[in-house]
>>> print(open('coords-v9.txt').read())   # compact mmCIF, C-alpha atoms
# COMPACT_ATOMS: atom_id res chain seq x y z
CA MET A 1 3.94 -13.16 56.08
CA THR A 2 1.82 -10.29 54.75
CA PRO A 3 1.06 -10.25 51.01
CA MET A 4 3.14 -7.14 50.38
CA SER A 5 6.15 -8.43 52.26
CA ALA A 6 6.28 -11.53 50.02
CA ILE A 7 6.42 -9.28 46.95
CA GLU A 8 8.89 -6.82 48.44
CA ARG A 9 11.16 -9.69 49.46
CA LEU A 10 11.23 -10.84 45.84
CA VAL A 11 11.92 -7.27 44.63
CA ARG A 12 14.97 -7.09 46.94
CA HIS A 13 16.04 -10.68 46.21
CA ASP A 14 19.37 -11.39 44.50
CA PRO A 15 18.45 -11.31 40.78
CA LEU A 16 20.66 -14.32 39.97
CA THR A 17 19.68 -16.51 42.96
CA TYR A 18 16.53 -18.50 42.27
CA ASP A 19 14.06 -19.66 44.92
CA SER A 20 10.83 -21.03 43.46
CA THR A 21 9.02 -21.02 46.83
CA SER A 22 9.61 -17.29 47.23
CA PHE A 23 8.44 -16.76 43.67
CA PHE A 24 5.19 -18.72 44.23
CA ASP A 25 4.57 -16.78 47.49
CA ALA A 26 4.93 -13.52 45.56
CA VAL A 27 2.55 -14.69 42.80
CA ASN A 28 -0.09 -15.59 45.38
CA ALA A 29 0.33 -12.15 46.97
CA ALA A 30 0.25 -10.43 43.57
CA LEU A 31 -3.05 -12.10 42.69
CA THR A 32 -4.65 -10.19 45.58
CA GLU A 33 -3.51 -6.95 43.95
CA TRP A 34 -4.24 -7.98 40.35
CA ARG A 35 -7.85 -8.79 41.27
CA LYS A 36 -8.33 -5.07 41.92
CA ASN A 37 -8.26 -4.61 38.14
CA ASP A 38 -11.79 -5.26 36.87
CA ARG A 39 -10.65 -6.68 33.56
CA TYR A 40 -8.26 -9.19 35.09
CA ARG A 41 -10.73 -10.15 37.82
CA GLN A 42 -13.22 -11.05 35.07
CA LYS A 43 -10.54 -13.17 33.37
CA LEU A 44 -9.94 -15.02 36.63
CA GLU A 45 -13.67 -15.59 37.16
CA GLN A 46 -14.03 -16.99 33.64
CA SER A 47 -11.02 -19.32 33.88
CA GLU A 48 -10.25 -22.51 35.75
CA PHE A 49 -7.09 -21.28 37.41
CA THR A 50 -5.45 -22.78 40.48
CA ASP A 51 -6.18 -20.48 43.41
CA ASP A 52 -3.12 -21.45 45.46
CA ILE A 53 0.02 -21.30 43.36
CA GLU A 54 2.50 -24.01 44.38
CA SER A 55 4.00 -25.17 41.05
CA TRP A 56 4.82 -24.00 37.54
CA ALA A 57 1.75 -25.85 36.29
CA ASP A 58 -0.31 -23.69 38.66
CA VAL A 59 1.32 -20.58 37.21
CA HIS A 60 0.44 -21.80 33.71
CA SER A 61 -3.22 -21.97 34.74
CA LEU A 62 -3.40 -18.20 35.29
CA PRO A 63 -5.08 -16.18 32.53
CA THR A 64 -2.76 -13.89 30.58
CA ILE A 65 -3.04 -10.31 29.39
CA ASP A 66 -2.48 -10.09 25.64
CA MET A 67 0.18 -7.47 24.88
CA ARG A 68 -2.09 -6.07 22.17
CA GLU A 69 -4.36 -4.83 24.96
CA PHE A 70 -1.59 -2.40 25.99
CA LYS A 71 -1.84 -0.92 22.51
CA THR A 72 -5.63 -0.59 22.38
CA ARG A 73 -7.00 -0.04 25.89
CA PRO A 74 -4.20 0.36 28.47
CA GLU A 75 -6.42 2.41 30.77
CA GLU A 76 -8.48 -0.74 31.42
CA LEU A 77 -5.41 -2.61 32.68
CA ALA A 78 -4.22 -0.16 35.33
CA ILE A 79 -4.83 -1.23 38.93
CA LYS A 80 -4.81 2.41 40.01
CA GLU A 81 -5.87 5.45 38.01
CA LEU A 82 -3.52 5.79 35.06
CA ASP A 83 -1.13 8.75 35.33
CA LEU A 84 0.23 9.37 31.83
CA GLU A 85 3.19 11.29 33.27
CA LYS A 86 4.28 8.06 34.97
CA ALA A 87 3.45 5.65 32.17
CA PHE A 88 6.23 4.11 30.09
CA TYR A 89 5.86 4.33 26.32
CA SER A 90 7.14 2.29 23.41
CA SER A 91 8.43 3.85 20.20
CA GLY A 92 6.06 1.77 18.06
CA THR A 93 8.75 1.13 15.45
CA THR A 94 8.92 -2.62 16.02
CA SER A 95 5.23 -3.43 15.69
CA ASP A 96 4.00 -0.17 14.08
CA THR A 97 1.76 0.42 17.10
CA LYS A 98 2.73 2.29 20.24
CA SER A 99 1.90 0.89 23.65
CA PHE A 100 2.19 2.34 27.10
CA ALA A 101 1.96 0.79 30.52
CA ALA A 102 1.08 2.30 33.86
CA ARG A 103 3.68 3.14 36.48
CA THR A 104 3.26 4.50 40.00
CA ASP A 105 6.00 6.08 42.09
CA ARG A 106 6.43 2.74 43.86
CA GLY A 107 6.45 0.90 40.53
CA ILE A 108 9.17 3.15 39.13
CA GLU A 109 11.22 2.82 42.33
CA TRP A 110 11.01 -0.98 42.24
CA GLU A 111 11.79 -1.13 38.52
CA LYS A 112 14.83 1.10 38.95
CA HIS A 113 16.08 -0.99 41.86
CA LYS A 114 15.67 -4.26 39.94
CA THR A 115 17.35 -2.88 36.83
CA GLU A 116 20.34 -1.53 38.74
CA ARG A 117 20.81 -4.75 40.75
CA TYR A 118 20.47 -6.99 37.71
CA ALA A 119 22.89 -4.87 35.68
CA ASP A 120 25.41 -4.95 38.53
CA GLU A 121 25.20 -8.75 38.71
CA LEU A 122 25.53 -9.21 34.95
CA ILE A 123 28.17 -6.60 34.14
CA GLY A 124 30.22 -6.24 37.30
CA ASP A 125 32.33 -3.17 37.93
CA VAL A 126 33.37 -0.78 35.17
CA ASP A 127 35.66 2.23 35.19
CA TYR A 128 33.46 4.38 32.99
CA SER A 129 30.17 4.28 31.09
CA ALA A 130 29.33 6.10 27.86
CA VAL A 131 25.62 6.28 27.09
CA LEU A 132 23.92 7.20 23.85
CA ALA A 133 21.01 8.68 25.74
CA LEU A 134 20.06 11.86 27.57
CA PRO A 135 20.33 12.49 31.32
CA VAL A 136 16.93 12.78 32.99
CA PRO A 137 16.78 16.62 33.19
CA GLU A 138 17.33 16.84 29.43
CA LEU A 139 15.09 13.88 28.67
CA GLU A 140 12.18 15.63 30.38
CA LYS A 141 12.34 18.44 27.78
CA LEU A 142 11.07 16.07 25.10
CA PRO A 143 7.39 15.30 24.41
CA THR A 144 5.99 12.90 27.00
CA ASP A 145 5.76 9.90 24.69
CA MET A 146 9.48 10.32 23.90
CA SER A 147 10.81 11.19 27.36
CA ARG A 148 8.95 8.24 28.90
CA ARG A 149 10.15 5.57 26.49
CA GLY A 150 11.12 2.55 28.50
CA ILE A 151 14.35 1.91 26.61
CA PHE A 152 15.79 5.31 27.58
CA ARG A 153 14.76 4.99 31.22
CA LYS A 154 16.28 1.54 31.64
CA ILE A 155 19.54 2.51 29.93
CA LEU A 156 19.85 5.51 32.26
CA TRP A 157 19.70 3.15 35.25
CA VAL A 158 22.59 0.95 34.09
CA LYS A 159 25.85 2.17 35.67
CA GLY A 160 24.32 5.63 35.82
CA ASP A 161 26.73 6.83 38.53
CA LYS A 162 29.69 6.40 36.14
CA SER A 163 27.99 7.63 32.99
CA LYS A 164 28.44 10.44 30.53
CA TYR A 165 25.71 11.06 27.96
CA TYR A 166 26.09 11.73 24.25
CA LEU A 167 22.72 12.72 22.83
CA GLU A 168 21.51 16.27 22.37
CA ILE A 169 18.07 17.74 21.64
CA GLU A 170 17.56 19.47 18.31
CA ASP A 171 14.02 20.42 17.21
CA ASP A 172 12.41 17.93 19.61
CA ALA A 173 14.67 15.16 18.29
CA MET A 174 17.60 13.33 19.85
CA VAL A 175 20.87 13.72 17.95
CA PRO A 176 24.09 11.87 18.86
CA ASP A 177 27.31 13.79 19.46
CA PHE A 178 29.75 11.27 18.02
CA GLU A 179 32.63 13.74 17.89
CA LYS A 180 32.52 14.28 21.64
CA LEU A 181 32.03 10.56 22.28
CA LEU A 182 35.11 9.71 20.22
CA THR A 183 37.22 12.36 21.96
CA ASP A 184 36.17 11.21 25.43
CA LEU A 185 36.63 7.49 24.75
CA LYS A 186 40.18 8.09 23.52
CA GLN A 187 41.00 9.72 26.86
CA GLN A 188 39.55 6.93 29.02
CA ASN A 189 41.48 4.08 30.60
CA GLY A 190 40.32 0.82 32.14
CA ARG A 191 37.21 -1.26 31.54
CA GLY A 192 34.42 0.67 29.85
CA ILE A 193 30.87 0.11 28.71
CA LEU A 194 29.19 1.76 25.73
CA GLN A 195 25.42 1.45 25.70
CA GLY A 196 22.56 2.61 23.56
CA ALA A 197 19.95 1.57 21.03
CA THR A 198 21.33 -0.91 18.48
CA THR A 199 20.91 1.65 15.69
CA GLN A 200 22.89 4.32 17.53
CA VAL A 201 25.85 2.11 18.45
CA HIS A 202 25.94 0.78 14.88
CA ASP A 203 25.92 4.36 13.54
CA PHE A 204 28.84 5.23 15.82
CA CYS A 205 30.81 2.34 14.33
CA GLU A 206 30.06 3.66 10.84
CA PHE A 207 31.17 7.11 12.00
CA LEU A 208 34.48 5.58 13.12
CA ALA A 209 34.85 3.64 9.86
CA GLU A 210 34.40 6.79 7.77
CA ARG A 211 37.24 8.42 9.71
CA ASP A 212 39.41 5.33 9.76
CA GLU A 213 39.31 5.50 13.57
CA SER A 214 38.79 3.00 16.37
CA VAL A 215 38.64 3.04 20.17
CA ASP A 216 39.34 0.42 22.83
CA LEU A 217 36.91 -0.06 25.72
CA GLY A 218 39.59 -1.98 27.59
CA GLU A 219 40.12 -5.59 28.54
CA ASP A 220 36.70 -7.18 28.97
CA GLY A 221 35.02 -3.95 27.83
CA VAL A 222 31.29 -4.21 27.18
CA VAL A 223 28.84 -3.01 24.56
CA LEU A 224 25.19 -3.05 25.64
CA VAL A 225 22.62 -2.69 22.86
CA ALA A 226 18.86 -2.61 23.21
CA GLY A 227 15.75 -1.59 21.35
CA GLY A 228 16.48 -3.08 17.95
CA TRP A 229 17.00 -1.24 14.68
CA LYS A 230 14.09 1.20 14.88
CA GLY A 231 13.15 0.82 11.26
CA LYS A 232 16.64 1.22 9.79
CA ARG A 233 18.59 -1.10 7.53
CA HIS A 234 20.20 -3.70 9.72
CA LYS A 235 23.12 -6.11 9.80
CA THR A 236 23.10 -9.63 11.13
CA LYS A 237 24.09 -10.07 14.75
CA LYS A 238 27.33 -11.72 13.65
CA GLU A 239 28.21 -8.75 11.42
CA LEU A 240 27.31 -6.30 14.18
CA ARG A 241 29.55 -8.06 16.71
CA ALA A 242 32.39 -8.06 14.18
CA ASP A 243 32.02 -4.27 13.89
CA PHE A 244 32.10 -3.89 17.67
CA ALA A 245 35.31 -5.95 17.79
CA GLU A 246 36.94 -3.93 15.01
CA TYR A 247 35.95 -0.42 16.02
CA LEU A 248 35.34 -0.66 19.80
CA GLY A 249 37.75 -3.43 20.79
CA VAL A 250 34.98 -5.53 22.36
CA GLN A 251 34.99 -9.30 22.07
CA PRO A 252 31.77 -10.85 20.69
CA LYS A 253 31.18 -12.68 24.00
CA ASN A 254 31.12 -9.30 25.78
CA VAL A 255 28.33 -7.81 23.65
CA MET A 256 25.18 -7.59 25.77
CA ASP A 257 22.10 -7.88 23.57
CA VAL A 258 19.29 -6.80 25.90
CA TYR A 259 15.63 -7.59 25.36
CA ALA A 260 12.74 -5.89 27.15
CA THR A 261 9.39 -4.34 26.40
CA THR A 262 7.51 -1.35 27.73
CA GLU A 263 5.19 -3.71 29.58
CA PHE A 264 7.97 -5.58 31.43
CA THR A 265 9.38 -4.10 34.66
CA PHE A 266 12.78 -5.73 34.09
CA PHE A 267 15.06 -6.68 31.22
CA THR A 268 16.62 -9.91 30.01
CA GLY A 269 20.19 -10.10 28.85
CA ASN A 270 23.27 -12.24 28.61
CA LYS A 271 26.14 -11.93 31.07
CA PRO A 272 29.40 -10.84 29.40
CA GLY A 273 31.42 -14.01 28.90
CA ASP A 274 28.35 -16.23 28.37
CA ASP A 275 28.64 -18.69 25.49
CA THR A 276 26.42 -16.55 23.26
CA PRO A 277 24.70 -13.16 23.61
CA ASP A 278 21.64 -14.68 21.90
CA LEU A 279 20.69 -16.68 25.01
CA LYS A 280 19.29 -14.29 27.58
CA ARG A 281 18.96 -14.82 31.31
CA LEU A 282 15.81 -14.03 33.28
CA PRO A 283 16.20 -12.38 36.68
CA SER A 284 14.82 -14.25 39.68
CA GLN A 285 11.89 -11.78 39.85
CA ALA A 286 10.44 -13.10 36.59
CA TYR A 287 9.36 -16.38 35.05
CA GLY A 288 8.94 -17.04 31.35
CA TYR A 289 7.34 -19.86 29.43
CA VAL A 290 6.55 -20.52 25.79
CA ALA A 291 2.99 -20.90 24.48
CA ASP A 292 1.92 -22.93 21.46
CA GLU A 293 1.22 -20.73 18.42
CA GLU A 294 -1.22 -23.13 16.75
CA ALA A 295 -3.29 -23.62 19.89
CA PHE A 296 -3.57 -19.87 20.31
CA HIS A 297 -4.48 -19.13 16.69
CA LYS A 298 -6.94 -22.01 16.26
CA ARG A 299 -8.54 -22.24 19.70
CA GLY A 300 -7.57 -19.01 21.43
CA VAL A 301 -5.92 -20.84 24.33
CA VAL A 302 -2.51 -20.34 25.91
CA GLU A 303 -0.88 -23.76 26.21
CA PRO A 304 2.75 -24.21 27.32
CA VAL A 305 5.12 -26.16 25.09
CA ASP A 306 8.21 -28.11 26.14
CA VAL A 307 11.61 -26.51 26.67
CA GLY A 308 13.36 -26.16 23.31
CA GLU A 309 10.15 -25.68 21.30
CA THR A 310 9.22 -22.41 19.64
CA GLY A 311 6.21 -20.23 20.42
CA PHE A 312 4.92 -17.04 22.03
CA LEU A 313 6.79 -15.76 25.08
CA VAL A 314 4.67 -15.43 28.23
CA ILE A 315 6.17 -13.44 31.11
CA VAL A 316 5.00 -13.62 34.72
CA ASP A 317 6.17 -10.75 36.95
CA PRO A 318 4.63 -10.75 40.45
CA THR A 319 6.58 -7.63 41.42
CA ASN A 320 4.43 -5.60 39.02
CA LEU A 321 1.49 -4.19 40.97
CA ASP A 322 0.62 -1.32 38.62
CA TYR A 323 -1.24 -3.69 36.26
CA PRO A 324 -1.55 -7.50 36.04
CA GLY A 325 1.98 -8.71 35.42
CA ILE A 326 1.28 -11.81 33.36
CA ILE A 327 1.71 -10.97 29.70
CA LEU A 328 1.32 -12.91 26.47
CA THR A 329 3.77 -11.22 24.11
CA ASP A 330 3.87 -11.29 20.32
CA ASP A 331 7.53 -12.30 20.39
CA ILE A 332 8.53 -15.75 19.17
CA VAL A 333 11.16 -17.41 21.35
CA ARG A 334 12.68 -20.71 22.44
CA LYS A 335 13.41 -21.56 26.04
CA HIS A 336 16.51 -23.46 27.12
CA GLY A 337 17.55 -25.03 30.40
CA SER A 338 15.27 -25.51 33.40
CA ALA A 339 11.89 -23.96 34.11
CA TYR A 340 13.35 -21.37 36.48
CA GLY A 341 16.94 -21.04 37.54
CA GLU A 342 20.48 -20.01 36.82
CA ASP A 343 20.60 -22.11 33.66
CA THR A 344 17.33 -20.81 32.19
CA ARG A 345 17.79 -18.98 28.90
CA ILE A 346 15.41 -17.27 26.47
CA GLU A 347 16.34 -17.23 22.78
CA TYR A 348 14.60 -14.51 20.79
CA VAL A 349 13.58 -15.81 17.36
CA GLY A 350 11.49 -12.98 15.94
CA ARG A 351 8.22 -11.11 15.95
CA ALA A 352 4.96 -12.92 15.23
CA GLU A 353 3.29 -12.14 11.91
>>> encode(input="coords-v9.txt", output="structure tokens")
Amino acid sequence: MTPMSAIERLVRHDPLTYDSTSFFDAVNAALTEWRKNDRYRQKLEQSEFTDDIESWADVHSLPTIDMREFKTRPEELAIKELDLEKAFYSSGTTSDTKSFAARTDRGIEWEKHKTERYADELIGDVDYSAVLALPVPELEKLPTDMSRRGIFRKILWVKGDKSKYYLEIEDDAMVPDFEKLLTDLKQQNGRGILQGATTQVHDFCEFLAERDESVDLGEDGVVLVAGGWKGKRHKTKKELRADFAEYLGVQPKNVMDVYATTEFTFFTGNKPGDDTPDLKRLPSQAYGYVADEEAFHKRGVVEPVDVGETGFLVIVDPTNLDYPGIILTDDIVRKHGSAYGEDTRIEYVGRAE
């Protein structure tokens, strides 16, 4: 098996069918590519990592890339020359610092494929999709750091073939057209999905409340929110789900609360009908573990903690060949279930101080 075929096989793999041997094969192949980045090669040379990955302990031995490096020197992390027109950007509203991560044409193609497959497996079929975003031709009219924001790109890939879009551009800003959204949703029948940044979907509920209106996304309709509050006043998740039930007719169990970052080439999310939207699944193309906060702060080392304990989320993504896909995030999480599998869940706790 050639190195690339092991990675491509994982890219095309069923996102909810888990095969650890295939994952380890892809990590071994990815290391060949990641070594082409000078910075990561130096990390490997300075660490005592296991050269042949055959277990999760071997994966834990690999040096990580601190997410803060994507905010300070992303050009040093790219495996190929960084093309800013193909990089994905963050908004910077969560951590007050923007980051961007390299993408190549192949990287974008693989990311789109994984996102679409994973969304199909989680959501299933829908009759229509309403998106608080812009279609790609309109999105490209915005400044690069806005049009390339990862959250917008990923949302556009979810059920895009059945989607209508409800943002407009005014003075280089994105403005929602809630009037049109309300009119269209009232005319739809069947199972629908409404998706957008948490702030936007919340604002649409407030728009409905002010008009004493509501809509019904149908039996087992879905709301997909992502990207957090973007600096606005926020409600608790319980309050937000109550609003979605009242104004959109969506049961709390069918609210998809998606988590991703600019640096990831996939997203995590619950499947509608799961016990709680707060426990997010990882696709088979990715592995996550939790690192001890105290060990990192006091000794600068990344040490895994047991399932159920709280710490920094570390993500390993061997399908990412645009930069080393093993990232130490600044998100605090708990892991539930097994190391890697259908029962694995990630619970987002908050952002590190």
>>> closest_residue(input="coords-v9.txt", among="A:Thr319, A:Thr344, A:Gln188, A:Thr183", to="Leu208 in chain A", atoms="all atoms listed in the file")
A:Thr183
>>> residues_around(input="coords-v9.txt", residues="Leu122 in chain A", least_positions_apart="3", cutoff="8 Å", atoms="all atoms listed in the file", output="number ranges by chain")
A: 118-119, 270-272
>>> residues_around(input="coords-v9.txt", residues="Leu185 in chain A", least_positions_apart="2", cutoff="9 Å", atoms="only C-alpha atoms", output="list in words")
Ala130, Lys180, Leu181, Leu182, Thr183, Gln187, Gln188, Asn189, Gly192, Val215, Asp216 and Leu217 of chain A
>>> write_last_selection(input="coords-v9.txt", atoms="C-alpha atoms", output="short mmCIF file (atom, residue, chain, number, x, y, z; two decimals), in the frame of the given file")
data_model
loop_
_atom_site.label_atom_id
_atom_site.label_comp_id
_atom_site.auth_asym_id
_atom_site.auth_seq_id
_atom_site.Cartn_x
_atom_site.Cartn_y
_atom_site.Cartn_z
CA ALA A 130 29.33 6.10 27.86
CA LYS A 180 32.52 14.28 21.64
CA LEU A 181 32.03 10.56 22.28
CA LEU A 182 35.11 9.71 20.22
CA THR A 183 37.22 12.36 21.96
CA GLN A 187 41.00 9.72 26.86
CA GLN A 188 39.55 6.93 29.02
CA ASN A 189 41.48 4.08 30.60
CA GLY A 192 34.42 0.67 29.85
CA VAL A 215 38.64 3.04 20.17
CA ASP A 216 39.34 0.42 22.83
CA LEU A 217 36.91 -0.06 25.72
#
>>> atom_distance(input="coords-v9.txt", atom1="CA of Leu313 in chain A", atom2="CA of Asn28 in chain A")
21.4 Å
>>> atom_distance(input="coords-v9.txt", atom1="CA of Ile193 in chain A", atom2="CA of Arg281 in chain A")
19.3 Å
>>> closest_residue(input="coords-v9.txt", among="A:Ala30, A:Val11, A:Met146, A:Met67", to="Asp51 in chain A", atoms="all atoms listed in the file")
A:Ala30
>>> atom_distance(input="coords-v9.txt", atom1="CA of Lys335 in chain A", atom2="CA of Val307 in chain A")
5.3 Å
>>> residues_around(input="coords-v9.txt", residues="range 37-50 of chain A", least_positions_apart="5", cutoff="6 Å", atoms="only C-alpha atoms", output="list in words")
Asp58, Ser61, Leu62 and Ile79 of chain A
>>> write_last_selection(input="coords-v9.txt", atoms="C-alpha atoms", output="mmCIF file, in the frame of the given file")
data_model
loop_
_atom_site.group_PDB
_atom_site.id
_atom_site.type_symbol
_atom_site.label_atom_id
_atom_site.label_comp_id
_atom_site.auth_asym_id
_atom_site.auth_seq_id
_atom_site.Cartn_x
_atom_site.Cartn_y
_atom_site.Cartn_z
ATOM 1 C CA ASP A 58 -0.310 -23.690 38.660
ATOM 2 C CA SER A 61 -3.220 -21.970 34.740
ATOM 3 C CA LEU A 62 -3.400 -18.200 35.290
ATOM 4 C CA ILE A 79 -4.830 -1.230 38.930
#
>>> closest_residue(input="coords-v9.txt", among="A:Ala245, A:Leu328, A:Ala286, A:Leu10", to="Val301 in chain A", atoms="all atoms listed in the file")
A:Leu328
>>> residues_around(input="coords-v9.txt", residues="Ile108 in chain A", least_positions_apart="2", cutoff="10 Å", atoms="only C-alpha atoms", output="PyMOL selection string")
chain A and resi 86-88+102-106+110-114+153+265+320+322
>>> closest_residue(input="coords-v9.txt", among="A:Glu76, A:Glu8, A:Asp317, A:Glu303", to="Ala57 in chain A", atoms="all atoms listed in the file")
A:Glu303
>>> residues_around(input="coords-v9.txt", residues="Gln195 in chain A", least_positions_apart="4", cutoff="7 Å", atoms="all atoms listed in the file", output="list in words")
Ala130, Val131, Leu132, Val223, Leu224 and Val225 of chain A
>>> closest_residue(input="coords-v9.txt", among="A:Phe244, A:Tyr289, A:Tyr166, A:Phe152", to="Val305 in chain A", atoms="only C-alpha atoms")
A:Tyr289
>>> closest_residue(input="coords-v9.txt", among="A:Gln285, A:Thr144, A:Thr115, A:Ser55", to="Pro318 in chain A", atoms="only C-alpha atoms")
A:Gln285
>>> axis_aligned_box(input="coords-v9.txt", around="range 208-214 of chain A", padding_each_side="3 Å", output="lines of an AutoDock Vina configuration file")
center_x = 36.9
center_y = 5.7
center_z = 12.1
size_x = 11.0
size_y = 11.4
size_z = 14.6
>>> residues_near_point(input="coords-v9.txt", point="(9.2, 0.6, 26.8)", cutoff="6 Å", atoms="all atoms listed in the file", output="PDB file with C-alpha atoms, in the coordinates of the input")
ATOM      1  CA  PHE A  88       6.230   4.110  30.090  1.00  0.00           C
ATOM      2  CA  TYR A  89       5.860   4.330  26.320  1.00  0.00           C
ATOM      3  CA  SER A  90       7.140   2.290  23.410  1.00  0.00           C
ATOM      4  CA  ARG A 149      10.150   5.570  26.490  1.00  0.00           C
ATOM      5  CA  GLY A 150      11.120   2.550  28.500  1.00  0.00           C
ATOM      6  CA  ILE A 151      14.350   1.910  26.610  1.00  0.00           C
ATOM      7  CA  THR A 261       9.390  -4.340  26.400  1.00  0.00           C
ATOM      8  CA  THR A 262       7.510  -1.350  27.730  1.00  0.00           C
TER       9      THR A 262
END
